[in-house]
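Listing of structure_16.txt, compact mmCIF, N, CA and C atoms
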```txt
# COMPACT_ATOMS: atom_id res chain seq x y z
N TYR A 1136 0.15 7.53 1.30
CA TYR A 1136 -0.98 6.64 1.45
C TYR A 1136 -2.28 7.36 1.80
N GLY A 1137 -2.22 8.58 2.29
CA GLY A 1137 -3.44 9.30 2.59
C GLY A 1137 -3.99 9.00 3.97
N LYS A 1138 -5.29 9.24 4.11
CA LYS A 1138 -5.95 9.05 5.40
C LYS A 1138 -6.08 7.57 5.73
N PRO A 1139 -6.01 7.24 7.03
CA PRO A 1139 -6.15 5.82 7.42
C PRO A 1139 -7.58 5.32 7.23
N PHE A 1140 -7.69 4.11 6.78
CA PHE A 1140 -9.00 3.45 6.64
C PHE A 1140 -9.38 2.81 7.96
N TYR A 1141 -8.44 2.11 8.56
CA TYR A 1141 -8.60 1.53 9.90
C TYR A 1141 -7.40 1.96 10.73
N THR A 1142 -7.61 2.15 12.01
CA THR A 1142 -6.50 2.39 12.94
C THR A 1142 -6.63 1.42 14.11
N LEU A 1143 -5.51 0.99 14.62
CA LEU A 1143 -5.48 0.04 15.73
C LEU A 1143 -4.42 0.48 16.72
N MET A 1144 -4.83 0.78 17.94
CA MET A 1144 -3.92 1.05 19.05
C MET A 1144 -3.95 -0.20 19.92
N TYR A 1145 -2.77 -0.69 20.25
CA TYR A 1145 -2.68 -1.97 20.94
C TYR A 1145 -1.64 -1.87 22.03
N GLN A 1146 -2.03 -2.29 23.24
CA GLN A 1146 -1.10 -2.30 24.37
C GLN A 1146 -1.36 -3.56 25.18
N THR A 1147 -0.29 -4.25 25.53
CA THR A 1147 -0.43 -5.46 26.32
C THR A 1147 0.80 -5.65 27.20
N ASP A 1148 0.62 -6.42 28.26
CA ASP A 1148 1.74 -6.77 29.14
C ASP A 1148 2.07 -8.25 29.09
N ALA A 1149 1.23 -9.05 28.44
CA ALA A 1149 1.48 -10.48 28.36
C ALA A 1149 1.25 -10.94 26.94
N PRO A 1150 2.06 -11.72 26.32
CA PRO A 1150 3.27 -12.35 26.81
C PRO A 1150 4.46 -11.39 26.85
N LEU A 1151 4.37 -10.25 26.16
CA LEU A 1151 5.42 -9.25 26.17
C LEU A 1151 4.80 -7.89 26.45
N SER A 1152 5.60 -6.97 26.91
CA SER A 1152 5.13 -5.60 27.11
C SER A 1152 5.24 -4.86 25.77
N ILE A 1153 4.09 -4.68 25.12
CA ILE A 1153 4.04 -4.12 23.78
C ILE A 1153 3.10 -2.91 23.77
N LYS A 1154 3.55 -1.86 23.13
CA LYS A 1154 2.70 -0.73 22.80
C LYS A 1154 2.83 -0.53 21.30
N SER A 1155 1.70 -0.46 20.62
CA SER A 1155 1.78 -0.32 19.17
C SER A 1155 0.64 0.51 18.63
N CYS A 1156 0.89 1.07 17.48
CA CYS A 1156 -0.10 1.85 16.76
C CYS A 1156 0.03 1.49 15.28
N PHE A 1157 -1.07 1.04 14.70
CA PHE A 1157 -1.07 0.64 13.29
C PHE A 1157 -2.15 1.40 12.54
N TYR A 1158 -1.92 1.58 11.26
CA TYR A 1158 -3.01 2.04 10.42
C TYR A 1158 -2.97 1.36 9.08
N ILE A 1159 -4.15 1.18 8.55
CA ILE A 1159 -4.31 0.56 7.24
C ILE A 1159 -4.72 1.66 6.28
N PRO A 1160 -3.95 1.88 5.23
CA PRO A 1160 -4.29 2.92 4.25
C PRO A 1160 -5.59 2.61 3.52
N ASP A 1161 -6.17 3.62 2.93
CA ASP A 1161 -7.40 3.50 2.17
C ASP A 1161 -7.24 2.46 1.06
N PRO A 1162 -8.18 1.52 0.94
CA PRO A 1162 -8.07 0.48 -0.10
C PRO A 1162 -8.07 1.04 -1.52
N ASP A 1163 -8.63 2.23 -1.71
CA ASP A 1163 -8.61 2.83 -3.05
C ASP A 1163 -7.18 3.16 -3.47
N ASN A 1164 -6.30 3.38 -2.49
CA ASN A 1164 -4.90 3.66 -2.76
C ASN A 1164 -4.01 2.48 -2.39
N ALA A 1165 -4.57 1.28 -2.42
CA ALA A 1165 -3.82 0.08 -2.05
C ALA A 1165 -2.63 -0.10 -2.98
N PRO A 1166 -1.50 -0.58 -2.43
CA PRO A 1166 -0.32 -0.77 -3.29
C PRO A 1166 -0.59 -1.82 -4.36
N SER A 1167 -0.07 -1.57 -5.53
CA SER A 1167 -0.24 -2.51 -6.63
C SER A 1167 0.64 -3.73 -6.39
N ARG A 1168 0.12 -4.87 -6.71
CA ARG A 1168 0.89 -6.10 -6.51
C ARG A 1168 1.70 -6.47 -7.75
N MET A 1169 1.51 -5.74 -8.83
CA MET A 1169 2.13 -6.15 -10.09
C MET A 1169 3.64 -5.93 -10.13
N PHE A 1170 4.10 -4.79 -9.69
CA PHE A 1170 5.50 -4.46 -9.87
C PHE A 1170 6.28 -4.42 -8.56
N THR A 1171 5.82 -5.13 -7.56
CA THR A 1171 6.53 -5.13 -6.29
C THR A 1171 7.39 -6.37 -6.20
N LYS A 1172 8.68 -6.19 -6.28
CA LYS A 1172 9.60 -7.32 -6.18
C LYS A 1172 9.80 -7.69 -4.72
N ASP A 1173 10.24 -6.75 -3.93
CA ASP A 1173 10.46 -6.96 -2.51
C ASP A 1173 10.01 -5.70 -1.76
N PRO A 1174 8.74 -5.60 -1.43
CA PRO A 1174 8.24 -4.38 -0.80
C PRO A 1174 8.82 -4.17 0.60
N GLU A 1175 9.00 -2.90 0.97
CA GLU A 1175 9.50 -2.59 2.31
C GLU A 1175 8.37 -2.72 3.32
N ILE A 1176 8.71 -3.23 4.48
CA ILE A 1176 7.76 -3.33 5.58
C ILE A 1176 7.57 -1.94 6.16
N GLY A 1177 6.33 -1.57 6.41
CA GLY A 1177 6.02 -0.24 6.91
C GLY A 1177 5.95 -0.13 8.41
N ILE A 1178 6.42 -1.14 9.12
CA ILE A 1178 6.39 -1.14 10.59
C ILE A 1178 7.80 -0.86 11.10
N SER A 1179 7.89 0.08 12.04
CA SER A 1179 9.20 0.33 12.67
C SER A 1179 9.19 -0.23 14.09
N LEU A 1180 10.32 -0.75 14.49
CA LEU A 1180 10.46 -1.40 15.79
C LEU A 1180 11.24 -0.50 16.73
N HIS A 1181 10.69 -0.31 17.92
CA HIS A 1181 11.32 0.52 18.95
C HIS A 1181 11.49 -0.31 20.22
N SER A 1182 12.47 0.06 21.00
CA SER A 1182 12.68 -0.53 22.32
C SER A 1182 12.78 0.62 23.32
N ARG A 1183 11.81 0.72 24.16
CA ARG A 1183 11.72 1.82 25.14
C ARG A 1183 11.83 3.18 24.46
N ARG A 1184 11.05 3.35 23.42
CA ARG A 1184 10.96 4.60 22.64
C ARG A 1184 12.23 4.95 21.86
N VAL A 1185 13.14 4.02 21.70
CA VAL A 1185 14.34 4.23 20.89
C VAL A 1185 14.22 3.32 19.67
N MET A 1186 14.32 3.91 18.48
CA MET A 1186 14.15 3.12 17.27
C MET A 1186 15.30 2.13 17.10
N VAL A 1187 14.92 0.87 16.92
CA VAL A 1187 15.89 -0.20 16.71
C VAL A 1187 16.03 -0.49 15.22
N LYS A 1188 14.89 -0.53 14.53
CA LYS A 1188 14.90 -0.84 13.11
C LYS A 1188 13.74 -0.13 12.42
N LYS A 1189 14.04 0.56 11.32
CA LYS A 1189 13.02 1.35 10.64
C LYS A 1189 12.03 0.46 9.89
N HIS A 1190 12.52 -0.50 9.15
CA HIS A 1190 11.66 -1.44 8.41
C HIS A 1190 11.82 -2.81 9.05
N ALA A 1191 11.00 -3.08 10.04
CA ALA A 1191 11.14 -4.30 10.85
C ALA A 1191 10.48 -5.48 10.17
N ASP A 1192 11.23 -6.14 9.29
CA ASP A 1192 10.67 -7.27 8.57
C ASP A 1192 10.53 -8.52 9.42
N GLY A 1193 11.08 -8.54 10.61
CA GLY A 1193 10.91 -9.68 11.49
C GLY A 1193 9.65 -9.59 12.34
N VAL A 1194 9.01 -8.44 12.36
CA VAL A 1194 7.83 -8.25 13.21
C VAL A 1194 6.56 -8.71 12.53
N ILE A 1195 6.38 -8.34 11.28
CA ILE A 1195 5.20 -8.80 10.54
C ILE A 1195 5.66 -9.49 9.26
N PRO A 1196 4.85 -10.42 8.76
CA PRO A 1196 5.25 -11.11 7.52
C PRO A 1196 5.17 -10.20 6.30
N LYS A 1197 5.78 -10.63 5.23
CA LYS A 1197 5.84 -9.84 3.99
C LYS A 1197 4.46 -9.54 3.43
N TRP A 1198 3.51 -10.44 3.61
CA TRP A 1198 2.18 -10.22 3.03
C TRP A 1198 1.39 -9.12 3.74
N LEU A 1199 1.89 -8.64 4.87
CA LEU A 1199 1.28 -7.49 5.55
C LEU A 1199 2.09 -6.21 5.34
N HIS A 1200 2.86 -6.16 4.26
CA HIS A 1200 3.74 -5.01 4.03
C HIS A 1200 2.99 -3.70 3.87
N TRP A 1201 1.73 -3.71 3.54
CA TRP A 1201 0.95 -2.50 3.33
C TRP A 1201 0.51 -1.83 4.63
N MET A 1202 0.67 -2.50 5.75
CA MET A 1202 0.34 -1.89 7.04
C MET A 1202 1.44 -0.92 7.45
N LYS A 1203 1.06 0.15 8.09
CA LYS A 1203 2.01 1.14 8.57
C LYS A 1203 1.87 1.24 10.08
N GLY A 1204 2.95 1.53 10.77
CA GLY A 1204 2.84 1.69 12.21
C GLY A 1204 4.15 1.56 12.96
N ILE A 1205 3.99 1.51 14.27
CA ILE A 1205 5.11 1.46 15.21
C ILE A 1205 4.83 0.37 16.24
N VAL A 1206 5.86 -0.38 16.58
CA VAL A 1206 5.79 -1.36 17.67
C VAL A 1206 6.90 -1.01 18.65
N ASP A 1207 6.51 -0.79 19.91
CA ASP A 1207 7.47 -0.48 20.97
C ASP A 1207 7.41 -1.63 21.97
N CYS A 1208 8.50 -2.37 22.07
CA CYS A 1208 8.57 -3.52 22.98
C CYS A 1208 9.56 -3.22 24.09
N GLU A 1209 9.07 -3.12 25.30
CA GLU A 1209 9.95 -2.80 26.43
C GLU A 1209 10.76 -4.00 26.91
N ASP A 1210 10.36 -5.21 26.52
CA ASP A 1210 11.09 -6.41 26.93
C ASP A 1210 12.34 -6.65 26.10
N MET A 1211 12.50 -5.94 25.01
CA MET A 1211 13.67 -6.11 24.17
C MET A 1211 14.86 -5.40 24.81
N PRO A 1212 15.99 -6.08 24.93
CA PRO A 1212 17.16 -5.43 25.53
C PRO A 1212 17.69 -4.31 24.65
N MET A 1213 18.19 -3.26 25.26
CA MET A 1213 18.69 -2.11 24.52
C MET A 1213 20.01 -2.41 23.79
N ASN A 1214 20.77 -3.37 24.27
CA ASN A 1214 22.07 -3.64 23.68
C ASN A 1214 22.02 -4.72 22.60
N ILE A 1215 20.85 -5.07 22.13
CA ILE A 1215 20.73 -6.10 21.11
C ILE A 1215 21.19 -5.53 19.76
N SER A 1216 21.94 -6.31 19.02
CA SER A 1216 22.40 -5.84 17.72
C SER A 1216 21.31 -6.10 16.69
N ARG A 1217 21.31 -5.34 15.64
CA ARG A 1217 20.27 -5.46 14.61
C ARG A 1217 20.37 -6.80 13.88
N GLU A 1218 21.56 -7.34 13.76
CA GLU A 1218 21.72 -8.61 13.06
C GLU A 1218 21.23 -9.78 13.90
N SER A 1219 21.56 -9.79 15.18
CA SER A 1219 21.16 -10.91 16.03
C SER A 1219 19.71 -10.80 16.47
N MET A 1220 19.08 -9.65 16.23
CA MET A 1220 17.70 -9.44 16.64
C MET A 1220 16.77 -10.41 15.93
N GLN A 1221 17.06 -10.76 14.70
CA GLN A 1221 16.17 -11.62 13.95
C GLN A 1221 16.24 -13.08 14.38
N ASP A 1222 17.28 -13.45 15.10
CA ASP A 1222 17.45 -14.84 15.49
C ASP A 1222 16.90 -15.16 16.87
N THR A 1223 16.37 -14.20 17.56
CA THR A 1223 15.98 -14.43 18.93
C THR A 1223 14.56 -14.99 19.05
N ARG A 1224 14.35 -15.68 20.11
CA ARG A 1224 13.01 -16.21 20.43
C ARG A 1224 12.06 -15.07 20.75
N LEU A 1225 12.60 -13.98 21.26
CA LEU A 1225 11.80 -12.80 21.58
C LEU A 1225 11.12 -12.24 20.34
N MET A 1226 11.82 -12.21 19.22
CA MET A 1226 11.23 -11.70 17.98
C MET A 1226 10.10 -12.61 17.49
N GLU A 1227 10.22 -13.91 17.70
CA GLU A 1227 9.15 -14.83 17.32
C GLU A 1227 7.90 -14.57 18.15
N LYS A 1228 8.08 -14.39 19.46
CA LYS A 1228 6.94 -14.09 20.33
C LYS A 1228 6.30 -12.76 19.96
N LEU A 1229 7.13 -11.76 19.70
CA LEU A 1229 6.63 -10.44 19.34
C LEU A 1229 5.84 -10.51 18.04
N SER A 1230 6.38 -11.18 17.05
CA SER A 1230 5.72 -11.31 15.77
C SER A 1230 4.38 -12.03 15.90
N MET A 1231 4.37 -13.11 16.65
CA MET A 1231 3.15 -13.89 16.83
C MET A 1231 2.08 -13.05 17.52
N ALA A 1232 2.43 -12.32 18.55
CA ALA A 1232 1.47 -11.50 19.28
C ALA A 1232 0.91 -10.38 18.41
N VAL A 1233 1.76 -9.72 17.65
CA VAL A 1233 1.32 -8.60 16.82
C VAL A 1233 0.42 -9.07 15.68
N VAL A 1234 0.82 -10.13 14.99
CA VAL A 1234 0.03 -10.61 13.85
C VAL A 1234 -1.31 -11.15 14.32
N ARG A 1235 -1.34 -11.86 15.43
CA ARG A 1235 -2.62 -12.34 15.96
C ARG A 1235 -3.55 -11.18 16.29
N ARG A 1236 -3.01 -10.14 16.87
CA ARG A 1236 -3.85 -9.00 17.23
C ARG A 1236 -4.37 -8.28 15.99
N ILE A 1237 -3.55 -8.15 14.97
CA ILE A 1237 -4.00 -7.51 13.72
C ILE A 1237 -5.12 -8.32 13.09
N LEU A 1238 -4.96 -9.63 13.02
CA LEU A 1238 -5.99 -10.47 12.41
C LEU A 1238 -7.27 -10.48 13.23
N ARG A 1239 -7.14 -10.47 14.55
CA ARG A 1239 -8.32 -10.40 15.41
C ARG A 1239 -9.06 -9.07 15.21
N PHE A 1240 -8.30 -7.99 15.06
CA PHE A 1240 -8.89 -6.68 14.80
C PHE A 1240 -9.67 -6.69 13.49
N LEU A 1241 -9.10 -7.26 12.44
CA LEU A 1241 -9.79 -7.32 11.16
C LEU A 1241 -11.06 -8.17 11.25
N GLN A 1242 -11.01 -9.24 12.01
CA GLN A 1242 -12.18 -10.09 12.20
C GLN A 1242 -13.29 -9.32 12.94
N GLN A 1243 -12.92 -8.55 13.95
CA GLN A 1243 -13.90 -7.74 14.68
C GLN A 1243 -14.51 -6.67 13.79
N GLU A 1244 -13.69 -6.05 12.96
CA GLU A 1244 -14.20 -5.01 12.05
C GLU A 1244 -15.15 -5.61 11.01
N ALA A 1245 -14.90 -6.84 10.58
CA ALA A 1245 -15.78 -7.50 9.62
C ALA A 1245 -17.15 -7.73 10.22
N LYS A 1246 -17.21 -8.04 11.50
CA LYS A 1246 -18.49 -8.26 12.18
C LYS A 1246 -19.19 -6.93 12.48
N LYS A 1247 -18.40 -5.92 12.84
CA LYS A 1247 -18.97 -4.64 13.26
C LYS A 1247 -19.55 -3.85 12.08
N ASP A 1248 -18.82 -3.77 10.99
CA ASP A 1248 -19.25 -2.98 9.83
C ASP A 1248 -18.91 -3.75 8.55
N PRO A 1249 -19.82 -4.67 8.13
CA PRO A 1249 -19.52 -5.52 6.97
C PRO A 1249 -19.28 -4.76 5.67
N GLU A 1250 -20.00 -3.64 5.46
CA GLU A 1250 -19.83 -2.91 4.21
C GLU A 1250 -18.44 -2.26 4.12
N LYS A 1251 -18.00 -1.69 5.22
CA LYS A 1251 -16.67 -1.08 5.24
C LYS A 1251 -15.60 -2.15 5.07
N TYR A 1252 -15.80 -3.29 5.72
CA TYR A 1252 -14.84 -4.38 5.59
C TYR A 1252 -14.81 -4.92 4.16
N GLN A 1253 -15.97 -4.92 3.51
CA GLN A 1253 -16.02 -5.40 2.12
C GLN A 1253 -15.16 -4.52 1.22
N LYS A 1254 -15.19 -3.21 1.46
CA LYS A 1254 -14.34 -2.29 0.70
C LYS A 1254 -12.87 -2.57 0.98
N PHE A 1255 -12.54 -2.80 2.26
CA PHE A 1255 -11.17 -3.15 2.64
C PHE A 1255 -10.73 -4.44 1.93
N PHE A 1256 -11.59 -5.44 1.97
CA PHE A 1256 -11.25 -6.73 1.40
C PHE A 1256 -11.06 -6.65 -0.11
N LYS A 1257 -11.85 -5.82 -0.74
CA LYS A 1257 -11.72 -5.66 -2.19
C LYS A 1257 -10.33 -5.12 -2.56
N GLY A 1258 -9.80 -4.20 -1.74
CA GLY A 1258 -8.50 -3.63 -2.03
C GLY A 1258 -7.33 -4.49 -1.60
N TYR A 1259 -7.50 -5.27 -0.54
CA TYR A 1259 -6.37 -6.02 0.02
C TYR A 1259 -6.53 -7.53 -0.02
N SER A 1260 -7.51 -8.04 -0.76
CA SER A 1260 -7.77 -9.48 -0.78
C SER A 1260 -6.59 -10.29 -1.31
N TYR A 1261 -5.88 -9.73 -2.30
CA TYR A 1261 -4.74 -10.46 -2.86
C TYR A 1261 -3.70 -10.75 -1.78
N PHE A 1262 -3.41 -9.74 -0.94
CA PHE A 1262 -2.39 -9.90 0.09
C PHE A 1262 -2.85 -10.84 1.20
N LEU A 1263 -4.14 -10.78 1.55
CA LEU A 1263 -4.66 -11.67 2.59
C LEU A 1263 -4.66 -13.12 2.11
N LYS A 1264 -5.00 -13.33 0.86
CA LYS A 1264 -4.97 -14.68 0.30
C LYS A 1264 -3.54 -15.21 0.21
N ALA A 1265 -2.62 -14.34 -0.13
CA ALA A 1265 -1.21 -14.74 -0.15
C ALA A 1265 -0.73 -15.12 1.24
N GLY A 1266 -1.24 -14.44 2.26
CA GLY A 1266 -0.89 -14.77 3.64
C GLY A 1266 -1.39 -16.13 4.06
N VAL A 1267 -2.58 -16.49 3.58
CA VAL A 1267 -3.12 -17.82 3.89
C VAL A 1267 -2.24 -18.89 3.27
N ILE A 1268 -1.78 -18.66 2.07
CA ILE A 1268 -0.93 -19.64 1.39
C ILE A 1268 0.45 -19.72 2.04
N GLU A 1269 1.05 -18.56 2.37
CA GLU A 1269 2.39 -18.54 2.95
C GLU A 1269 2.46 -19.11 4.35
N ASP A 1270 1.46 -18.86 5.15
CA ASP A 1270 1.50 -19.25 6.56
C ASP A 1270 0.85 -20.60 6.84
N LYS A 1271 0.72 -21.45 5.85
CA LYS A 1271 0.12 -22.77 6.05
C LYS A 1271 0.83 -23.57 7.09
```

Kindly transcribe the structure held in the file into C-alpha cells.
Amino acid sequence: YGKPFYTLMYQTDAPLSIKSCFYIPDPDNAPSRMFTKDPEIGISLHSRRVMVKKHADGVIPKWLHWMKGIVDCEDMPMNISRESMQDTRLMEKLSMAVVRRILRFLQQEAKKDPEKYQKFFKGYSYFLKAGVIEDK
C-alpha cells in the first residue's frame, strides 16, 4: 500500500480500554472495487499485546476493509476462543467505539485540510457510500 495518507493513534479507557493505531493508504493506490469478492480486513485484534485474530472482521465493517492497523483491547479476556469472540457484547462495544473514532477523525480532517480530504474522498468515496447504505 505504500506510505500512509492519514494516520490515527487512538487510546481510551471508556467504554473500553483500547489502544489502537490505524493508517489509511494513499488514495492513488486505493484498492479496486471491481474484482473484490470478499476482501480481507486489514485490522488485527490483540488482547494485552497478544494477537487474538489477524484479520478481525468483527472489529470494523467490511466497507472499511482498506484501513490497516492494530487494535489492542485490555478488557478482552485472554481465554476467549476465536469462535465465541464474535458473539460477545464486548465485540459490539469495541466495534462501535473504533468505528465512531475513525469517522470522527475523518470528519476532523475534512475540516482541517479540505484539499487533502478531497483527494482522500476521490479515492475512497465508493467504500464510504457503501458504508452509508449498509449501516442504515

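Going from atom C of Leu1238 (chain A) to atom C of Pro1212 (chain A) covers 28.1 Å.
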
List the spatial neighbours of Ser1260 (chain A) as a list in words - criterion: any atom at most 12 Å away, only C-alpha atoms, same-chain residues fewer than 2 positions off excluded.
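With the cut-off at 12 Å, the set is Pro1162, Ala1165, Pro1166, Ser1167, Arg1168, Trp1198, Leu1199, Trp1201, Tyr1252, Gln1253, Lys1254, Phe1255, Phe1256, Lys1257, Gly1258, Phe1262, Leu1263, Lys1264, Ala1265, Gly1266 and Val1267 of chain A.
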
Practice task
Could you give me the residues within chain A that DSSP places in helix (DSSP H, G or I), as JSON, numbers by chain?
Solution key: {"A": [1162, 1163, 1164, 1197, 1198, 1199, 1219, 1220, 1221, 1222, 1224, 1225, 1226, 1227, 1228, 1229, 1230, 1231, 1232, 1233, 1234, 1235, 1236, 1237, 1238, 1239, 1240, 1241, 1242, 1243, 1244, 1245, 1246, 1247, 1249, 1250, 1251, 1252, 1253, 1254, 1255, 1256, 1257, 1258, 1259, 1260, 1261, 1262, 1263, 1264, 1265, 1266, 1267, 1268, 1269]}

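Proximity ranking of A:Pro1249, A:Pro1160, A:Pro1150, A:Gly1204 relative to Gly1177 (chain A) places A:Gly1204 first, based on all atoms listed in the file.
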
- [ ] List every residue of chain A that DSSP, applied to the backbone of this structure, places in strand (DSSP E), and write the result as a PyMOL selection string.
- [x] chain A and resi 1139-1147+1153-1160+1177-1182+1185-1188+1203-1208

Pairwise distance, atom C of Lys1203 (chain A) with atom N of Gln1242 (chain A), equals 16.7 Å

Separation of atom N of Met1186 (chain A) and atom N of Arg1236 (chain A), in Å?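 Separation between atom N of Met1186 (chain A) and atom N of Arg1236 (chain A): 22.4 Å.
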
Asp1207 (chain A) proximity check over A:Gln1243, A:Ser1155, A:Asn1164, A:Gln1146, using only N, CA and C atoms: winner is A:Ser1155

Mind checking which residues fall within 10 Å of Ser1230 (chain A), counting only C-alpha atoms, ignoring those fewer than 6 positions away in the same chain, and posting them as a tab-separated table (two decimals) with N, CA and C atoms, keeping the file's coordinate frame?
```tsv
chain	number	residue	atom	x	y	z
A	1192	ASP	N	11.23	-6.14	9.29
A	1192	ASP	CA	10.67	-7.27	8.57
A	1192	ASP	C	10.53	-8.52	9.42
A	1193	GLY	N	11.08	-8.54	10.61
A	1193	GLY	CA	10.91	-9.68	11.49
A	1193	GLY	C	9.65	-9.59	12.34
A	1194	VAL	N	9.01	-8.44	12.36
A	1194	VAL	CA	7.83	-8.25	13.21
A	1194	VAL	C	6.56	-8.71	12.53
A	1195	ILE	N	6.38	-8.34	11.28
A	1195	ILE	CA	5.20	-8.80	10.54
A	1195	ILE	C	5.66	-9.49	9.26
A	1196	PRO	N	4.85	-10.42	8.76
A	1196	PRO	CA	5.25	-11.11	7.52
A	1196	PRO	C	5.17	-10.20	6.30
A	1224	ARG	N	14.35	-15.68	20.11
A	1224	ARG	CA	13.01	-16.21	20.43
A	1224	ARG	C	12.06	-15.07	20.75
A	1236	ARG	N	-3.01	-10.14	16.87
A	1236	ARG	CA	-3.85	-9.00	17.23
A	1236	ARG	C	-4.37	-8.28	15.99
```

Minimum-distance residue to Phe1140 (chain A), chosen among A:Glu1244, A:Glu1269, A:Asp1173, A:Glu1209 (using only C-alpha atoms) =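 Result for the nearest residue to Phe1140 (chain A): A:Glu1244.
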
- Residue among A:Ile1178, A:Met1202, A:Cys1208, A:Val1187 lying closest to Ile1153 (chain A), counting only N, CA and C atoms: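 Looking only at the distances to Ile1153 (chain A), the closest residue turns out to be A:Cys1208.
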
Centre and size of axis-aligned box enclosing region 1236-1251 of chain A plus 3 Å each side, as AutoDock Vina command-line options:
```
--center_x -11.5 --center_y -5.8 --center_z 10.7 --size_x 23.0 --size_y 15.4 --size_z 19.1
```
